[in-house]
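Coordinates as given in protein_34.cif (mmCIF, C-alpha atoms):
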data_start
#
loop_
_atom_site.label_atom_id
_atom_site.label_comp_id
_atom_site.auth_asym_id
_atom_site.auth_seq_id
_atom_site.Cartn_x
_atom_site.Cartn_y
_atom_site.Cartn_z
CA MET A 1 137.44 103.06 63.50
CA THR A 2 133.76 102.12 63.74
CA PRO A 3 132.14 103.56 66.87
CA THR A 4 129.78 101.52 69.04
CA ILE A 5 126.72 103.11 70.61
CA THR A 6 124.28 101.70 73.15
CA ALA A 7 120.50 101.61 72.89
CA PHE A 8 117.62 100.07 74.83
CA GLU A 9 117.26 96.31 74.35
CA SER A 10 113.58 96.79 75.12
CA SER A 11 112.39 100.33 74.48
CA PRO A 12 109.69 102.02 76.55
CA ASP A 13 108.29 103.53 73.32
CA ARG A 14 108.32 100.33 71.22
CA GLY A 15 110.32 101.83 68.39
CA GLN A 16 108.72 105.26 68.13
CA GLY A 17 112.24 106.69 68.08
CA LEU A 18 111.80 108.81 71.20
CA ALA A 19 114.80 107.42 73.09
CA ARG A 20 118.01 109.43 72.99
CA ASP A 21 119.98 106.88 70.94
CA MET A 22 117.91 108.21 68.01
CA ARG A 23 119.84 111.52 68.10
CA VAL A 24 123.15 109.78 67.94
CA ARG A 25 122.01 107.44 65.16
CA TRP A 26 120.67 110.46 63.23
CA ALA A 27 123.93 112.39 63.63
CA LEU A 28 125.97 109.37 62.51
CA GLU A 29 123.70 108.98 59.46
CA GLU A 30 124.03 112.69 58.59
CA ALA A 31 127.79 112.25 58.88
CA GLY A 32 127.82 109.07 56.79
CA GLN A 33 129.61 107.25 59.59
CA PRO A 34 128.79 103.53 59.99
CA TYR A 35 128.34 102.35 63.58
CA GLU A 36 127.72 99.31 65.71
CA VAL A 37 124.96 99.04 68.30
CA ARG A 38 125.14 97.23 71.62
CA LEU A 39 121.71 96.71 73.15
CA VAL A 40 121.46 96.91 76.93
CA SER A 41 118.67 95.75 79.23
CA PHE A 42 117.27 97.95 81.98
CA SER A 43 119.02 95.86 84.61
CA ALA A 44 122.38 95.82 82.76
CA MET A 45 122.22 99.63 82.47
CA LYS A 46 122.48 99.88 86.24
CA GLU A 47 125.42 97.46 86.54
CA PRO A 48 129.00 98.61 87.16
CA ALA A 49 130.15 97.63 83.65
CA HIS A 50 127.71 100.05 82.02
CA ARG A 51 128.07 102.70 84.71
CA ALA A 52 131.80 102.77 84.00
CA ILE A 53 130.81 104.30 80.65
CA HIS A 54 127.65 106.10 81.76
CA PRO A 55 127.78 107.26 85.39
CA PHE A 56 123.99 107.78 85.46
CA GLY A 57 123.14 104.34 84.10
CA GLN A 58 121.42 105.50 80.90
CA ILE A 59 121.72 105.20 77.14
CA PRO A 60 123.14 106.25 74.73
CA THR A 61 126.88 105.87 75.13
CA TYR A 62 129.53 106.15 72.44
CA GLU A 63 132.75 104.15 72.30
CA GLU A 64 135.48 104.69 69.75
CA GLY A 65 138.90 103.26 70.48
CA ASP A 66 140.01 104.66 73.84
CA LEU A 67 137.19 107.18 73.98
CA ALA A 68 133.99 106.51 75.94
CA LEU A 69 131.35 109.23 76.02
CA PHE A 70 127.90 109.70 77.51
CA GLU A 71 125.25 112.46 77.16
CA SER A 72 123.58 112.63 73.76
CA GLY A 73 124.45 116.31 73.35
CA ALA A 74 128.14 115.68 73.92
CA ILE A 75 128.13 112.67 71.60
CA VAL A 76 126.39 114.56 68.79
CA LEU A 77 128.82 117.46 69.25
CA HIS A 78 131.76 115.05 69.08
CA ILE A 79 130.41 113.57 65.85
CA ALA A 80 129.73 117.04 64.45
CA GLU A 81 133.27 118.17 65.21
CA HIS A 82 134.77 115.20 63.35
CA HIS A 83 132.55 115.14 60.26
CA ALA A 84 131.28 117.74 57.81
CA GLY A 85 127.66 118.81 57.59
CA LEU A 86 126.51 119.22 61.18
CA LEU A 87 128.20 122.46 62.23
CA PRO A 88 128.77 125.65 60.19
CA LYS A 89 132.35 126.48 59.27
CA ASP A 90 131.99 130.13 60.27
CA ALA A 91 133.15 130.40 63.91
CA ASN A 92 130.26 132.57 65.12
CA ALA A 93 127.62 130.48 63.38
CA ARG A 94 129.23 127.37 64.87
CA ALA A 95 129.01 128.84 68.40
CA ARG A 96 125.34 129.71 67.83
CA ALA A 97 124.56 126.17 66.61
CA ILE A 98 126.10 124.83 69.82
CA ALA A 99 123.93 127.27 71.80
CA TRP A 100 120.87 125.64 70.20
CA MET A 101 122.20 122.21 71.22
CA PHE A 102 122.36 123.32 74.85
CA ALA A 103 118.96 125.03 74.54
CA ALA A 104 117.49 121.77 73.24
CA VAL A 105 118.63 119.61 76.18
CA SER A 106 118.17 122.11 78.99
CA THR A 107 115.68 124.87 78.20
CA VAL A 108 113.31 122.94 75.90
CA GLU A 109 113.68 119.26 76.79
CA ALA A 110 113.62 119.70 80.58
CA PRO A 111 109.97 120.84 80.76
CA ILE A 112 109.06 118.18 78.17
CA LEU A 113 110.57 115.49 80.40
CA ASP A 114 108.56 116.90 83.32
CA LEU A 115 105.46 115.89 81.40
CA GLN A 116 106.74 112.33 81.10
CA THR A 117 107.53 112.30 84.82
CA ALA A 118 104.06 113.66 85.60
CA LYS A 119 102.42 111.00 83.45
CA PHE A 120 104.52 107.93 84.15
CA LEU A 121 105.95 108.46 87.64
CA GLU A 122 103.15 110.53 89.17
CA GLY A 123 100.18 109.51 87.03
CA ASP A 124 98.66 107.56 89.93
CA LYS A 125 99.06 110.34 92.49
CA PRO A 126 96.03 112.23 93.79
CA TRP A 127 97.36 115.53 92.37
CA SER A 128 98.06 114.19 88.89
CA GLU A 129 95.01 115.53 87.05
CA GLN A 130 95.08 118.95 88.71
CA ARG A 131 98.81 119.42 88.19
CA LEU A 132 99.06 118.36 84.55
CA PRO A 133 97.81 121.72 83.13
CA LEU A 134 100.62 123.56 84.97
CA VAL A 135 103.24 121.22 83.53
CA LYS A 136 101.78 121.66 80.05
CA ASP A 137 101.68 125.44 80.37
CA ARG A 138 105.38 125.50 81.19
CA ILE A 139 106.02 123.55 77.99
CA ARG A 140 103.76 125.91 76.00
CA LYS A 141 105.75 128.90 77.23
CA ARG A 142 108.91 127.43 75.71
CA LEU A 143 107.18 126.28 72.53
CA GLY A 144 105.74 129.75 71.99
CA GLU A 145 109.15 131.35 72.40
CA LEU A 146 110.77 128.80 70.10
CA SER A 147 108.04 129.26 67.50
CA ASP A 148 108.51 133.06 67.65
CA ARG A 149 112.21 132.70 67.06
CA LEU A 150 111.87 130.19 64.24
CA GLY A 151 109.36 132.41 62.42
CA ASP A 152 108.96 131.15 58.87
CA ALA A 153 112.53 129.90 58.57
CA ASP A 154 113.28 126.28 57.76
CA TRP A 155 115.88 125.87 60.50
CA LEU A 156 116.83 127.81 63.64
CA ASP A 157 119.90 129.60 62.31
CA GLY A 158 120.70 129.27 58.61
CA ALA A 159 121.39 125.79 57.30
CA PHE A 160 120.40 122.59 59.17
CA SER A 161 122.84 121.95 62.02
CA ALA A 162 123.40 119.77 65.07
CA GLY A 163 121.35 122.42 66.91
CA ASP A 164 118.32 121.59 64.76
CA LEU A 165 118.98 117.86 65.12
CA MET A 166 118.90 118.08 68.91
CA MET A 167 115.93 120.47 68.96
CA VAL A 168 113.81 118.47 66.51
CA HIS A 169 114.34 115.32 68.54
CA ALA A 170 113.48 117.07 71.81
CA LEU A 171 110.25 118.29 70.18
CA LEU A 172 109.42 114.84 68.82
CA ARG A 173 109.22 113.59 72.40
CA LEU A 174 106.02 115.66 72.62
CA LYS A 175 104.37 113.77 69.79
CA PRO A 176 102.45 111.28 71.94
CA SER A 177 100.89 114.22 73.85
CA GLY A 178 99.59 115.96 70.73
CA MET A 179 100.96 119.26 72.05
CA LEU A 180 103.31 119.81 69.14
CA ASP A 181 100.33 120.24 66.83
CA GLU A 182 99.28 123.31 68.83
CA TYR A 183 102.27 125.06 67.20
CA PRO A 184 101.97 124.44 63.46
CA SER A 185 105.31 126.04 62.59
CA LEU A 186 107.08 123.79 65.12
CA ALA A 187 105.18 120.73 63.90
CA ALA A 188 106.33 121.60 60.36
CA TYR A 189 109.89 122.17 61.61
CA ALA A 190 109.93 118.74 63.27
CA ALA A 191 108.44 117.21 60.11
CA ARG A 192 111.27 118.74 58.05
CA GLY A 193 113.69 116.97 60.36
CA GLU A 194 111.85 113.67 60.03
CA ALA A 195 111.86 114.02 56.23
CA ARG A 196 115.65 114.06 56.02
CA PRO A 197 117.03 110.84 54.54
CA ALA A 198 119.48 110.50 57.44
CA PHE A 199 116.62 110.71 59.94
CA LYS A 200 114.70 108.04 58.03
CA ARG A 201 117.67 105.67 58.00
CA ALA A 202 118.23 106.22 61.73
CA PHE A 203 114.55 105.72 62.47
CA ALA A 204 114.43 102.48 60.50
CA ALA A 205 117.52 101.20 62.30
CA GLN A 206 116.10 101.84 65.78
CA LEU A 207 112.73 100.39 64.74
CA ALA A 208 114.39 97.22 63.47
CA VAL A 209 115.56 96.48 67.03
CA PHE A 210 111.91 95.97 67.99
CA THR A 211 110.50 94.42 64.85
CA GLY A 212 113.51 92.18 64.40
CA GLN A 213 113.64 93.20 60.76
CA HIS A 214 116.67 94.72 59.16
CA PRO A 215 115.68 98.04 57.60
CA THR A 216 117.13 97.31 54.18
CA GLY A 217 116.14 93.64 54.04
CA MET B 1 137.61 142.72 72.33
CA THR B 2 135.92 142.89 75.74
CA PRO B 3 132.77 140.75 75.85
CA THR B 4 129.57 141.95 77.50
CA ILE B 5 127.40 139.60 79.50
CA THR B 6 123.96 140.14 80.99
CA ALA B 7 122.88 139.51 84.57
CA PHE B 8 119.80 140.17 86.72
CA GLU B 9 119.37 143.80 87.74
CA SER B 10 117.53 142.51 90.77
CA SER B 11 118.42 138.92 91.63
CA PRO B 12 115.93 136.47 93.07
CA ASP B 13 118.70 135.17 95.36
CA ARG B 14 119.98 138.57 96.56
CA GLY B 15 123.57 137.90 95.58
CA GLN B 16 123.95 134.26 96.66
CA GLY B 17 125.49 133.58 93.26
CA LEU B 18 122.89 131.01 92.22
CA ALA B 19 121.91 132.69 88.93
CA ARG B 20 123.49 131.41 85.75
CA ASP B 21 125.54 134.55 85.05
CA MET B 22 127.77 133.25 87.86
CA ARG B 23 129.01 130.39 85.60
CA VAL B 24 129.96 132.77 82.85
CA ARG B 25 131.65 135.19 85.25
CA TRP B 26 133.56 132.26 86.78
CA ALA B 27 134.71 130.97 83.39
CA LEU B 28 135.83 134.46 82.35
CA GLU B 29 137.78 134.81 85.61
CA GLU B 30 139.41 131.39 85.13
CA ALA B 31 140.36 132.54 81.63
CA GLY B 32 141.66 135.91 82.83
CA GLN B 33 139.32 137.65 80.37
CA PRO B 34 137.94 141.04 81.49
CA TYR B 35 134.26 141.61 80.73
CA GLU B 36 131.48 144.16 80.92
CA VAL B 37 128.10 143.51 82.52
CA ARG B 38 124.77 144.86 81.39
CA LEU B 39 122.07 144.46 84.03
CA VAL B 40 118.55 143.69 82.82
CA SER B 41 115.27 143.95 84.70
CA PHE B 42 112.69 141.17 84.68
CA SER B 43 110.46 143.19 82.37
CA ALA B 44 113.30 144.15 79.98
CA MET B 45 114.27 140.45 79.71
CA LYS B 46 110.94 139.76 78.05
CA GLU B 47 111.18 142.65 75.56
CA PRO B 48 112.07 142.15 71.88
CA ALA B 49 115.49 143.83 72.27
CA HIS B 50 116.64 141.21 74.78
CA ARG B 51 114.81 138.35 73.08
CA ALA B 52 116.76 139.14 69.91
CA ILE B 53 119.80 137.89 71.85
CA HIS B 54 118.06 135.37 74.10
CA PRO B 55 114.99 133.77 72.48
CA PHE B 56 113.75 132.49 75.86
CA GLY B 57 114.05 135.87 77.62
CA GLN B 58 116.60 134.81 80.22
CA ILE B 59 120.09 135.67 81.40
CA PRO B 60 122.99 135.26 80.82
CA THR B 61 123.84 136.34 77.30
CA TYR B 62 127.28 136.95 75.83
CA GLU B 63 128.11 139.56 73.18
CA GLU B 64 131.50 139.91 71.57
CA GLY B 65 131.72 141.90 68.35
CA ASP B 66 129.30 140.31 65.89
CA LEU B 67 128.68 137.27 68.09
CA ALA B 68 125.66 137.03 70.38
CA LEU B 69 125.22 133.84 72.41
CA PHE B 70 122.76 132.49 74.95
CA GLU B 71 122.73 129.32 77.14
CA SER B 72 125.31 129.30 79.92
CA GLY B 73 126.73 125.94 78.76
CA ALA B 74 127.35 127.23 75.24
CA ILE B 75 128.88 130.46 76.53
CA VAL B 76 131.22 128.66 78.92
CA LEU B 77 132.21 126.26 76.12
CA HIS B 78 132.90 129.21 73.80
CA ILE B 79 135.11 130.83 76.46
CA ALA B 80 136.84 127.50 77.13
CA GLU B 81 137.59 127.02 73.44
CA HIS B 82 139.23 130.44 73.16
CA HIS B 83 141.29 130.47 76.36
CA ALA B 84 143.63 128.04 78.09
CA GLY B 85 142.79 126.31 81.35
CA LEU B 86 139.18 125.18 81.00
CA LEU B 87 139.46 122.23 78.61
CA PRO B 88 142.15 119.53 78.42
CA LYS B 89 144.41 119.58 75.36
CA ASP B 90 144.06 115.82 74.82
CA ALA B 91 141.18 115.29 72.37
CA ASN B 92 139.52 112.44 74.29
CA ALA B 93 139.79 114.19 77.65
CA ARG B 94 138.35 117.32 76.02
CA ALA B 95 135.34 115.38 74.71
CA ARG B 96 134.77 113.88 78.18
CA ALA B 97 134.92 117.32 79.83
CA ILE B 98 132.23 118.49 77.40
CA ALA B 99 130.16 115.42 78.32
CA TRP B 100 130.25 116.61 81.95
CA MET B 101 129.09 120.06 80.82
CA PHE B 102 126.04 118.52 79.17
CA ALA B 103 125.49 116.23 82.17
CA ALA B 104 125.54 119.28 84.45
CA VAL B 105 122.80 121.20 82.62
CA SER B 106 120.57 118.29 81.64
CA THR B 107 120.98 115.24 83.85
CA VAL B 108 121.88 116.93 87.14
CA GLU B 109 120.48 120.46 86.98
CA ALA B 110 117.07 119.52 85.56
CA PRO B 111 115.87 117.67 88.70
CA ILE B 112 117.40 120.42 90.85
CA LEU B 113 115.34 123.01 89.00
CA ASP B 114 112.25 120.86 89.56
CA LEU B 115 112.77 121.47 93.28
CA GLN B 116 112.76 125.22 92.69
CA THR B 117 109.62 124.90 90.58
CA ALA B 118 107.98 122.78 93.30
CA LYS B 119 108.85 125.34 95.96
CA PHE B 120 108.32 128.64 94.19
CA LEU B 121 105.71 127.93 91.51
CA GLU B 122 103.76 125.15 93.24
CA GLY B 123 104.51 125.86 96.89
CA ASP B 124 100.95 127.06 97.48
CA LYS B 125 99.29 124.09 95.77
CA PRO B 126 97.42 121.48 97.82
CA TRP B 127 99.83 118.74 96.68
CA SER B 128 103.01 120.63 97.50
CA GLU B 129 103.91 118.98 100.81
CA GLN B 130 103.08 115.47 99.66
CA ARG B 131 104.94 115.79 96.37
CA LEU B 132 108.16 117.37 97.63
CA PRO B 133 109.72 114.07 98.86
CA LEU B 134 109.34 112.59 95.35
CA VAL B 135 111.10 115.57 93.79
CA LYS B 136 113.89 115.35 96.36
CA ASP B 137 114.32 111.60 95.83
CA ARG B 138 114.84 112.16 92.10
CA ILE B 139 117.62 114.61 92.97
CA ARG B 140 119.13 112.15 95.47
CA LYS B 141 119.29 109.49 92.78
CA ARG B 142 121.47 111.75 90.64
CA LEU B 143 123.58 112.95 93.56
CA GLY B 144 124.26 109.37 94.62
CA GLU B 145 125.38 108.46 91.12
CA LEU B 146 127.54 111.55 90.83
CA SER B 147 129.08 110.92 94.23
CA ASP B 148 129.84 107.31 93.24
CA ARG B 149 131.60 108.48 90.09
CA LEU B 150 133.58 111.23 91.83
CA GLY B 151 134.84 108.82 94.51
CA ASP B 152 137.70 110.45 96.36
CA ALA B 153 138.96 112.41 93.36
CA ASP B 154 139.20 116.20 93.47
CA TRP B 155 137.52 116.71 90.10
CA LEU B 156 135.34 114.60 87.81
CA ASP B 157 137.98 113.65 85.24
CA GLY B 158 141.57 114.64 85.93
CA ALA B 159 142.31 118.34 86.26
CA PHE B 160 139.64 120.98 86.89
CA SER B 161 137.71 121.70 83.68
CA ALA B 162 134.67 123.52 82.34
CA GLY B 163 132.79 120.29 83.16
CA ASP B 164 133.57 120.77 86.86
CA LEU B 165 132.73 124.47 86.63
CA MET B 166 129.26 123.72 85.26
CA MET B 167 128.67 120.81 87.65
CA VAL B 168 129.80 122.65 90.79
CA HIS B 169 127.50 125.55 89.96
CA ALA B 170 124.55 123.25 89.30
CA LEU B 171 125.18 121.63 92.71
CA LEU B 172 125.46 125.00 94.46
CA ARG B 173 121.86 125.69 93.49
CA LEU B 174 120.98 123.00 96.04
CA LYS B 175 122.64 124.89 98.89
CA PRO B 176 119.50 126.63 100.18
CA SER B 177 117.80 123.21 100.50
CA GLY B 178 120.55 121.68 102.64
CA MET B 179 120.48 118.59 100.40
CA LEU B 180 124.06 118.93 99.24
CA ASP B 181 125.25 118.21 102.80
CA GLU B 182 123.67 114.74 102.59
CA TYR B 183 126.54 113.87 100.22
CA PRO B 184 129.75 114.93 102.00
CA SER B 185 132.01 114.18 99.03
CA LEU B 186 129.85 116.36 96.75
CA ALA B 187 129.71 119.11 99.37
CA ALA B 188 133.52 118.99 99.53
CA TYR B 189 133.70 118.97 95.71
CA ALA B 190 131.52 122.08 95.51
CA ALA B 191 133.59 123.70 98.27
CA ARG B 192 136.75 123.07 96.22
CA GLY B 193 135.12 124.95 93.39
CA GLU B 194 134.13 127.83 95.65
CA ALA B 195 137.69 127.99 97.01
CA ARG B 196 139.19 128.75 93.61
CA PRO B 197 140.39 132.36 93.33
CA ALA B 198 138.50 132.78 90.04
CA PHE B 199 135.26 131.67 91.72
CA LYS B 200 135.82 134.12 94.55
CA ARG B 201 136.39 137.02 92.15
CA ALA B 202 133.27 136.09 90.16
CA PHE B 203 131.23 135.74 93.34
CA ALA B 204 132.36 139.13 94.64
CA ALA B 205 131.51 140.75 91.30
CA GLN B 206 127.96 139.38 91.23
CA LEU B 207 127.46 140.25 94.91
CA ALA B 208 128.58 143.83 94.31
CA VAL B 209 125.57 144.32 92.01
CA PHE B 210 123.34 143.93 95.05
CA THR B 211 125.43 145.58 97.74
CA GLY B 212 126.44 148.43 95.46
CA GLN B 213 130.05 147.96 96.56
CA HIS B 214 132.87 147.30 94.16
CA PRO B 215 134.58 144.07 95.20
CA THR B 216 138.10 145.48 95.27
CA GLY B 217 137.22 149.00 96.49
#

Take the structure in the file and write it out as structure tokens.
Amino acid sequence: MTPTITAFESSPDRGQGLARDMRVRWALEEAGQPYEVRLVSFSAMKEPAHRAIHPFGQIPTYEEGDLALFESGAIVLHIAEHHAGLLPKDANARARAIAWMFAAVSTVEAPILDLQTAKFLEGDKPWSEQRLPLVKDRIRKRLGELSDRLGDADWLDGAFSAGDLMMVHALLRLKPSGMLDEYPSLAAYAARGEARPAFKRAFAAQLAVFTGQHPTG
Amino acid sequence: MTPTITAFESSPDRGQGLARDMRVRWALEEAGQPYEVRLVSFSAMKEPAHRAIHPFGQIPTYEEGDLALFESGAIVLHIAEHHAGLLPKDANARARAIAWMFAAVSTVEAPILDLQTAKFLEGDKPWSEQRLPLVKDRIRKRLGELSDRLGDADWLDGAFSAGDLMMVHALLRLKPSGMLDEYPSLAAYAARGEARPAFKRAFAAQLAVFTGQHPTG
């Protein structure tokens, strides 16, 4: 059964691939699972029909037969559990990959989203300029720790996993700020993610929503 | 094999049960799984020995034979996957319970932690008083949506699950602020969690670290 995901009809990033549907698209491409996309407007996202699937009125969602899911981490984990290639077979390695998924959305992405809040929701406030360095330093703390752990490895724990997929995408949200380049090993790690053929297909598909061009012509 | 978790040697909340080891203790009690606790000081948490288990220098961690895990969500999911009672058997209901686990740590807990940051890390800043209402309104948005979804149900999706466990504990972190009481159905939901015998045992165990008294004498 072909799953249907939701994505922004009109993206705040104009196709830079920073929205969370990108993770789900990427996971589906890694898994070789075709999917349908339903685009939703900002106003439709807040309507009861969408909230029945996503209680917090966001994207992405994932529908497959009787199953309706929200939260990109949960959707990627669901895909990873039902297809090969995104989670190690060894039970302990699998549990550690899932730990990196949770680390991506809570420990690493949360301070990154604070930067977006500071810029877009509080950018006009009198404290904005003075406060921004504090927000950035909290991100740097996490990036330094992540960089230390990664060391000179290609991926966080052995082969590429759903943990890397979630972490790379959380890091990519920093791209517009230029902060990722302060940590060359993390910039290279994110670039390795972007270089994967599945990432490229997913990126082209989300970009096509905004250019109106189908990625493969 | 008895797992070992880590917790604060000296808790910032003096035994109110707001630290994240509480979730892991609670899950282990729901599962009927005995466990050991290793207390770590704030300075030891930042040392290489602890960072080898937790890259971000936090608690809790979970060690069981060759497995070492971090991130409370991943640890609770690991426990839930290996014991009955924390995840539904039905595959779709199981996936939805995991979605609530991710929602708890990212969508709901993240703005709640912003309030702690605003109070404890930025409480002395000139913008603190002016900014606090914005931080609180972002929490209220999520609480309103969560309350709408919960309705008059006891738990978020059928029977009590690891999703409720994670969500109730995220909400409890709001207790000191009084904000939870603005949403009576969520306050009652959290109280249902606190009333569970497994919660009470976990709470007594974490409190005993600070009072020096064993919970059952």

Hey, which bits of chain B sit within 6 Å of chain A, and for each residue what's the closest pair of atoms and how far apart in Å (one decimal), counting only C-alpha atoms, rows by chain and increasing number, as JSON lines?
{"residue": "B:Phe56", "atom": "CA", "partner": "A:Glu145", "partner_atom": "CA", "distance": 5.9}
{"residue": "B:Leu67", "atom": "CA", "partner": "A:Asn92", "partner_atom": "CA", "distance": 5.8}
{"residue": "B:Glu71", "atom": "CA", "partner": "A:Ala99", "partner_atom": "CA", "distance": 5.8}
{"residue": "B:Ala74", "atom": "CA", "partner": "A:Ala99", "partner_atom": "CA", "distance": 4.9}
{"residue": "B:Asn92", "atom": "CA", "partner": "A:Leu67", "partner_atom": "CA", "distance": 5.8}
{"residue": "B:Ala99", "atom": "CA", "partner": "A:Ala74", "partner_atom": "CA", "distance": 4.8}
{"residue": "B:Val105", "atom": "CA", "partner": "A:Ser106", "partner_atom": "CA", "distance": 6.0}
{"residue": "B:Ser106", "atom": "CA", "partner": "A:Ser106", "partner_atom": "CA", "distance": 5.2}
{"residue": "B:Trp127", "atom": "CA", "partner": "A:Trp127", "partner_atom": "CA", "distance": 5.9}
{"residue": "B:Glu145", "atom": "CA", "partner": "A:Phe56", "partner_atom": "CA", "distance": 5.9}

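Taking CA of Ala31 in chain A and CA of Ala49 in chain A as endpoints, the distance between them is 28.9 Å.
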
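Going from CA of Leu39 in chain A over to CA of Thr6 in chain A, you cover 5.6 Å.
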
For range 193-208 of chain A, list every protein, DNA or RNA residue within 9 Å, evaluated using all atoms listed in the file, and leave out those in the same chain fewer than 4 positions away; present the list as a ChimeraX atom specification.
/A:7,14-17,21-32,160,164-165,168-169,188-189,212-216

Carefully work through the PyMOL selection byres ((chain B and resi 176) around 12) for this structure and note down the residues it includes, as a list in words.
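Output of the PyMOL selection byres ((chain B and resi 176) around 12): Asp13, Gln16, Gly17, Leu18, Ile112, Leu115, Gln116, Lys119, Leu171, Leu172, Arg173, Leu174, Lys175, Ser177, Gly178, Met179, Leu180 and Asp181 of chain B.
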